[in-house]
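So the structure is just underneath, and the comments pick up after that.
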Amino acid sequence: MLTRRSFLEMTLKGIVVIGTGNTLQSFTPGNFSLPDKRKVLLRFALGSDGHYGQPNTTYVENHQRMVEWLNKEHKGRGLHFSVINGDLFHDDNKFLPDVKSTWDKLSMPYYVSHGNHDKIEEKGWEQTWGIPWHHAFEKGDTGFLILNTADVAGKYICPDLDWTREHLQQFSNKKHLFVFMHITPVKWTENGIDCPELVAMFSAQKNLRGIFHGHDHLEDGMKEKDSKHYFFDSHIGGNWGTPYCGYRIVEVLQNGEVLTYQVNPDAKEPVNRNTISTHEKVSRQ
């Protein structure tokens with residue numbers, strides 16, 4: 001029988017230590033502690049795949065719980081914003097007003113990305129959420145990109161490469177850069193899609209600290225390519241995935257490190273925890 005403890009231990013075994021570029025350290029259950037709150041420059045949360053309106057699911061209750069959990073995070077340690085990373089509703093855009101009013105109950109600012117089940121034209125999406133499918137924003141010395149990975153019919157697509165290239169360059173002088181996109185651009189899973197040109201851009205972007213995905217409800221950890229870190233956050237709802245519904249937290253610290261951990265709200269400790277430290281190789285001639 002798979003207990004919660006054995007599940008957490010198996011999840012953590014899949015985390016590795018990377019020795020070049022952005023260095024990522026992993027931690028095991030039992031030594032979890034957070035940095036002093038005063039050392040956190042920026043803190044945000046990610047959730048995905050609420051599938052509001054999916055038949056035979058408790059989508060209303062799922063969303064209410066997630067709103068409560070994120071508002072509790074905001075009231076406690078604080079959140080500068082949250083990101084709902086795709087599949088906000090399930091196929092039928094008649095659910096869009098209800099899911100919008102639900103997320104509007106968040107007590108912090110929030111952003112959304114377009115998922116393959118969010119079947120609505122970009123104009124209607126922008127009228128509802130106030131941002132297009134591709135969107136860039138910044139918070140101090142940190143830049144953020146939201147990329148689109150599906151067309152209006154739900155077909156998986158690679159993001160707009162010209163737009164992405166332009167905005168990666170725009171934020172190249174920022175200390176940190178993060179990317180949010182619903183579908184992973186590497187065919188790691190059955191539900192992924194290969195976008196080699198995009199991945200090459202990511203690999204070359206020195207200040208890119210993390211790429212965050214939803215879509216793969218069974219994934220709640222990290223995958224690595226070219227010393228870049230691709231993170232997943234389980235699911236908010238839907239009818240399949242990890243045995244819990246959860247979310248991911250990211251903290252940018254004063255010392256330049258980035259801490260991220262996956263939260264199962266029913267567990268006392270995180271499902272996994274990683275710290276990204278930045279290193280630049282010094283060339284000596």
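Within each chain, counting starts at residue 1; across the structure tokens, chains are named A, B, ... in the order shown, with ligands numbered 1 upward in that order.
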Please report, as CSV, each residue of range 125-185 of chain A lying at most 12 Å from range 235-258 of chain A, together with the nearest pair of atoms and the separation in Å rounded to one decimal; use only C-alpha atoms, and order rows by chain and ascending residue number.
```
residue,atom,partner,partner_atom,distance
A:Lys139,CA,A:Val252,CA,11.2
A:Gly140,CA,A:Val252,CA,11.5
A:Asp141,CA,A:Val252,CA,10.6
A:Thr142,CA,A:Val252,CA,9.2
A:Lys175,CA,A:Gly256,CA,8.4
A:His176,CA,A:Gly256,CA,8.7
A:Leu177,CA,A:Val252,CA,10.8
A:Phe178,CA,A:Val250,CA,10.3
A:His182,CA,A:His235,CA,11.6
```
Residues of the last selection are to be written out with C-alpha atoms, as a compact mmCIF listing (two decimals), in the first residue's frame.
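So the final result, stored in out28.txt, reads:
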```txt
# COMPACT_ATOMS: atom_id res chain seq x y z
CA LYS A 139 8.94 43.18 -10.17
CA GLY A 140 12.05 45.15 -9.24
CA ASP A 141 15.12 43.32 -10.55
CA THR A 142 13.12 40.26 -11.62
CA LYS A 175 19.11 39.61 -11.96
CA HIS A 176 16.45 36.90 -12.21
CA LEU A 177 14.03 35.72 -14.87
CA PHE A 178 11.15 33.26 -14.59
CA HIS A 182 1.23 25.51 -19.31
```
Hey, which bits of range 15-103 of chain A sit within 12 Å of range 153-172 of chain A, and for each residue what's the closest pair of atoms and how far apart in Å (one decimal), counting only C-alpha atoms, rows by chain and increasing number, as a Markdown table?
```
| residue | atom | partner | partner_atom | distance |
| --- | --- | --- | --- | --- |
| A:Gly86 | CA | A:Gly154 | CA | 11.5 |
| A:Asp87 | CA | A:Gly154 | CA | 10.0 |
| A:His90 | CA | A:Gly154 | CA | 10.6 |
| A:Asp91 | CA | A:Gly154 | CA | 8.3 |
| A:Asp92 | CA | A:Ala153 | CA | 10.9 |
| A:Asn93 | CA | A:Ala153 | CA | 11.6 |
```
Same residues, N, CA and C atoms, output as an mmCIF file, in the first residue's frame:
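Dumped everything to again08.cif:
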```cif
data_model
loop_
_atom_site.group_PDB
_atom_site.id
_atom_site.type_symbol
_atom_site.label_atom_id
_atom_site.label_comp_id
_atom_site.auth_asym_id
_atom_site.auth_seq_id
_atom_site.Cartn_x
_atom_site.Cartn_y
_atom_site.Cartn_z
ATOM 1 N N GLY A 86 -2.686 27.792 -16.369
ATOM 2 C CA GLY A 86 -3.361 27.108 -17.463
ATOM 3 C C GLY A 86 -4.433 26.116 -17.063
ATOM 4 N N ASP A 87 -5.315 25.838 -18.031
ATOM 5 C CA ASP A 87 -6.502 24.992 -17.835
ATOM 6 C C ASP A 87 -7.337 25.509 -16.677
ATOM 7 N N HIS A 90 -12.744 24.028 -18.171
ATOM 8 C CA HIS A 90 -12.688 22.765 -18.903
ATOM 9 C C HIS A 90 -13.515 22.861 -20.189
ATOM 10 N N ASP A 91 -12.888 23.285 -21.259
ATOM 11 C CA ASP A 91 -13.409 23.238 -22.628
ATOM 12 C C ASP A 91 -14.509 24.256 -22.939
ATOM 13 N N ASP A 92 -15.500 24.369 -22.092
ATOM 14 C CA ASP A 92 -16.655 25.215 -22.394
ATOM 15 C C ASP A 92 -16.470 26.582 -21.761
ATOM 16 N N ASN A 93 -16.356 27.620 -22.607
ATOM 17 C CA ASN A 93 -16.050 28.944 -22.057
ATOM 18 C C ASN A 93 -17.238 29.609 -21.355
#
```
Excluding range 97-111 of chain A and residues on its chain fewer than 4 positions from it, collect all residues at most 9 Å away from it, counting only C-alpha atoms, and give them as a list of chain:residue names.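 Near range 97-111 of chain A, the qualifying residues are A:Tyr52, A:Gly53, A:Val60, A:His63, A:Gln64, A:Val67, A:Glu68, A:Leu70, A:Asn71, A:His74, A:Lys75, A:Gly78, A:Leu79, A:His80, A:Phe81, A:Ser82, A:Val83, A:Ile84, A:Asn85, A:Leu88, A:Phe89, A:Asn93, A:Thr128, A:Trp129, A:Ile131, A:Ile146.
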Write the residues you've just listed into a file as a PDB file, in the first residue's frame, and include C-alpha atoms for each of them.
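Heads up, here's the output in again.pdb:
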```pdb
ATOM      1  CA  TYR A  52     -13.512  24.484 -13.661  1.00  0.00           C
ATOM      2  CA  GLY A  53     -16.657  22.891 -15.066  1.00  0.00           C
ATOM      3  CA  VAL A  60     -16.324  24.337  -7.110  1.00  0.00           C
ATOM      4  CA  HIS A  63     -11.299  26.064  -6.281  1.00  0.00           C
ATOM      5  CA  GLN A  64     -12.684  27.274  -2.970  1.00  0.00           C
ATOM      6  CA  VAL A  67      -8.353  30.192  -2.833  1.00  0.00           C
ATOM      7  CA  GLU A  68      -8.403  29.626   0.938  1.00  0.00           C
ATOM      8  CA  LEU A  70      -3.366  30.830  -1.130  1.00  0.00           C
ATOM      9  CA  ASN A  71      -5.047  33.522   0.948  1.00  0.00           C
ATOM     10  CA  HIS A  74      -0.663  35.621   1.811  1.00  0.00           C
ATOM     11  CA  LYS A  75      -1.857  36.362   5.326  1.00  0.00           C
ATOM     12  CA  GLY A  78       3.049  36.851   2.339  1.00  0.00           C
ATOM     13  CA  LEU A  79       2.633  36.590  -1.435  1.00  0.00           C
ATOM     14  CA  HIS A  80       3.423  39.317  -3.919  1.00  0.00           C
ATOM     15  CA  PHE A  81       1.285  37.531  -6.511  1.00  0.00           C
ATOM     16  CA  SER A  82       0.056  34.135  -7.670  1.00  0.00           C
ATOM     17  CA  VAL A  83      -0.012  32.499 -11.109  1.00  0.00           C
ATOM     18  CA  ILE A  84      -2.763  30.145 -12.270  1.00  0.00           C
ATOM     19  CA  ASN A  85      -0.805  28.309 -14.937  1.00  0.00           C
ATOM     20  CA  LEU A  88      -8.527  27.388 -15.752  1.00  0.00           C
ATOM     21  CA  PHE A  89     -11.791  25.995 -17.126  1.00  0.00           C
ATOM     22  CA  ASN A  93     -16.050  28.944 -22.057  1.00  0.00           C
ATOM     23  CA  THR A 128     -11.691  38.642 -19.264  1.00  0.00           C
ATOM     24  CA  TRP A 129      -8.222  38.595 -17.682  1.00  0.00           C
ATOM     25  CA  ILE A 131      -3.654  40.273 -20.517  1.00  0.00           C
ATOM     26  CA  ILE A 146       3.898  34.147 -19.586  1.00  0.00           C
TER      27      ILE A 146
END
```
DSSP says strand (DSSP E) for which residues of range 169-280 of chain A? Put them as an MDAnalysis selection string? chainID A and resid 176:181 208:213 222:225 228:232 247:253 258:263 272:277
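Of note, CA of Gly115 in chain A and CA of Gly210 in chain A are spaced 19.0 Å apart.
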Please, which residues of range 27-88 of chain A, numbered as in this document, come out alpha helix (DSSP H) from DSSP, as a list in words?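 Selection result, alpha helix (DSSP H) within range 27-88 of chain A: Tyr59, Val60, Glu61, Asn62, His63, Gln64, Arg65, Met66, Val67, Glu68, Trp69, Leu70, Asn71, Lys72, Glu73, His74, Lys75 and Gly76 of chain A.
The coordinates place CA of Lys223 in chain A at 25.8 Å from CA of Trp69 in chain A.
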